[in-house]
Amino acid sequence: MALDASRTILGSYGQIMIEGEWQSNLNHLEANVEIQKRELNLCCGSDEQPWVKHKRGPLKGSGTMSGFKVSSAMVQRGFAKFEIISKLDDPESYGFERIRLKNVMADRLQLANWTAGEEVTEEVPFTFEGYELLDPIVAD
C-alpha cells in the first residue's frame, strides 16, 4: 500500500491531559518503554549455535514533557504520582490515538530557569509504571 501523505499525523494536534485536565501550555511529550533483558550464557551442545540467549525481565517506562511555564502546578505536585493521557488527533489522519500513562512520577522538579526578555519554558522528566492504549489508530 502506498503512503497517503495527507494521512501522516502532525503533532500540532496533540494534547496532554494530567489528571483529566488539558495542559494547553505543554507542546512536547515523549514516553518510552524499555524491556530489561537478562543475558543467559549457556553451554553449546553439538547442535547449538554459540549465541547468548535472552530472557524477558521487567519493563521500565520513562519520558519527558515540556512547554511554557504558566503556573506553579508542577512544583506544587512535587513527587506525588499522577496520570497522563496523551492524545494524537490530526483531522486528516486515519483516526486518533490515546495512551494512558499510569503512576507517573516526576524525576526532577525545575524550580527556576529563566532569562530576562525570553519566554520561560519548563521541562519535566518522569517515570511511569504501566500504560494502556485506549484508542488505537487503524489504517484502512
# chains A, B, ... in the order shown; residues from 1 in each chain; ligands from 1
>>> residues_around(residues="segment 68-71 of chain A", least_positions_apart="3", cutoff="7 Å", atoms="only C-alpha atoms", output="list in words")
Asn25, Leu26, Val120, Thr121 and Glu122 of chain A
>>> closest_residue(among="A:Thr127, A:Asn27, A:Ser93, A:Asn32", to="Met105 of chain A", atoms="only C-alpha atoms")
A:Thr127
>>> closest_residue(among="A:Phe79, A:Arg108, A:Glu92, A:Glu123", to="Asp4 of chain A", atoms="only C-alpha atoms")
A:Glu92
>>> closest_residue(among="A:His54, A:Lys87, A:Lys81, A:Arg98", to="Phe126 of chain A", atoms="only C-alpha atoms")
A:Lys81
>>> residues_around(residues="Gly20 of chain A", least_positions_apart="5", cutoff="9 Å", atoms="only C-alpha atoms", output="VMD selection string")
chain A and resid 83 to 85
>>> write_last_selection(atoms="C-alpha atoms", output="mmCIF file, in the first residue's frame")
data_model
loop_
_atom_site.group_PDB
_atom_site.id
_atom_site.type_symbol
_atom_site.label_atom_id
_atom_site.label_comp_id
_atom_site.auth_asym_id
_atom_site.auth_seq_id
_atom_site.Cartn_x
_atom_site.Cartn_y
_atom_site.Cartn_z
ATOM 1 C CA GLU A 83 -1.808 10.064 35.405
ATOM 2 C CA ILE A 84 -1.131 11.372 31.894
ATOM 3 C CA ILE A 85 -3.281 10.780 28.843
#
>>> select_by_dssp(residues="segment 15-109 of chain A", states="strand (DSSP E or B)", output="NGL selection string")
:A and (15-18 or 21-22 or 26-40 or 53-68 or 82-89 or 96-106)
>>> select_by_dssp(residues="chain A", states="helix (DSSP H, G or I)", output="number ranges by chain")
A: 5-7, 11-13, 73-77
>>> write_last_selection(atoms="C-alpha atoms", output="mmCIF file, in the first residue's frame")
data_model
loop_
_atom_site.group_PDB
_atom_site.id
_atom_site.type_symbol
_atom_site.label_atom_id
_atom_site.label_comp_id
_atom_site.auth_asym_id
_atom_site.auth_seq_id
_atom_site.Cartn_x
_atom_site.Cartn_y
_atom_site.Cartn_z
ATOM 1 C CA ALA A 5 0.908 11.822 2.765
ATOM 2 C CA SER A 6 -2.272 13.558 3.899
ATOM 3 C CA ARG A 7 -2.764 10.761 6.469
ATOM 4 C CA GLY A 11 1.980 16.761 16.462
ATOM 5 C CA SER A 12 0.232 20.149 16.284
ATOM 6 C CA TYR A 13 -2.990 18.344 17.162
ATOM 7 C CA ALA A 73 1.365 23.362 39.297
ATOM 8 C CA MET A 74 4.302 21.011 38.711
ATOM 9 C CA VAL A 75 6.223 22.389 41.688
ATOM 10 C CA GLN A 76 3.118 22.048 43.871
ATOM 11 C CA ARG A 77 2.521 18.463 42.664
#
>>> atom_distance(atom1="atom CA of Asn103 of chain A", atom2="atom CA of Ser62 of chain A")
11.2 Å
>>> atom_distance(atom1="atom CA of Leu42 of chain A", atom2="atom CA of Pro58 of chain A")
21.3 Å
>>> residues_around(residues="segment 99-102 of chain A", least_positions_apart="6", cutoff="8 Å", atoms="only C-alpha atoms", output="list in words")
Phe82, Glu83, Ile84, Ile85, Ser86, Lys87, Phe128, Glu129, Gly130, Tyr131, Glu132, Leu133, Leu134 and Asp135 of chain A
>>> write_last_selection(atoms="C-alpha atoms", output="PDB file, in the first residue's frame")
ATOM      1  CA  PHE A  82      -0.366  11.211  38.738  1.00  0.00           C
ATOM      2  CA  GLU A  83      -1.808  10.064  35.405  1.00  0.00           C
ATOM      3  CA  ILE A  84      -1.131  11.372  31.894  1.00  0.00           C
ATOM      4  CA  ILE A  85      -3.281  10.780  28.843  1.00  0.00           C
ATOM      5  CA  SER A  86      -1.555  11.510  25.538  1.00  0.00           C
ATOM      6  CA  LYS A  87      -3.825  12.196  22.568  1.00  0.00           C
ATOM      7  CA  PHE A 128       5.763   5.648  34.858  1.00  0.00           C
ATOM      8  CA  GLU A 129       4.561   2.207  35.867  1.00  0.00           C
ATOM      9  CA  GLY A 130       2.277   0.913  33.165  1.00  0.00           C
ATOM     10  CA  TYR A 131       0.349   2.148  30.166  1.00  0.00           C
ATOM     11  CA  GLU A 132      -2.884   1.422  28.340  1.00  0.00           C
ATOM     12  CA  LEU A 133      -3.639   2.005  24.672  1.00  0.00           C
ATOM     13  CA  LEU A 134      -7.140   3.474  24.937  1.00  0.00           C
ATOM     14  CA  ASP A 135      -7.774   4.306  21.276  1.00  0.00           C
TER      15      ASP A 135
END
>>> atom_distance(atom1="atom CA of Ser66 of chain A", atom2="atom CA of Leu109 of chain A")
11.9 Å
>>> residues_around(residues="Thr64 of chain A", least_positions_apart="4", cutoff="8 Å", atoms="only C-alpha atoms", output="ChimeraX atom specification")
/A:28-31,123-126
>>> residues_around(residues="Val33 of chain A", least_positions_apart="5", cutoff="8 Å", atoms="only C-alpha atoms", output="count of residues only")
4
>>> residues_around(residues="Val52 of chain A", least_positions_apart="5", cutoff="8 Å", atoms="only C-alpha atoms", output="PDB file with C-alpha atoms, in the first residue's frame")
ATOM      1  CA  GLU A  39      21.547 -12.429  29.262  1.00  0.00           C
ATOM      2  CA  LEU A  40      21.887 -16.175  29.619  1.00  0.00           C
ATOM      3  CA  ASN A  41      25.242 -17.695  28.745  1.00  0.00           C
ATOM      4  CA  LEU A  42      24.570 -21.352  28.010  1.00  0.00           C
TER       5      LEU A  42
END
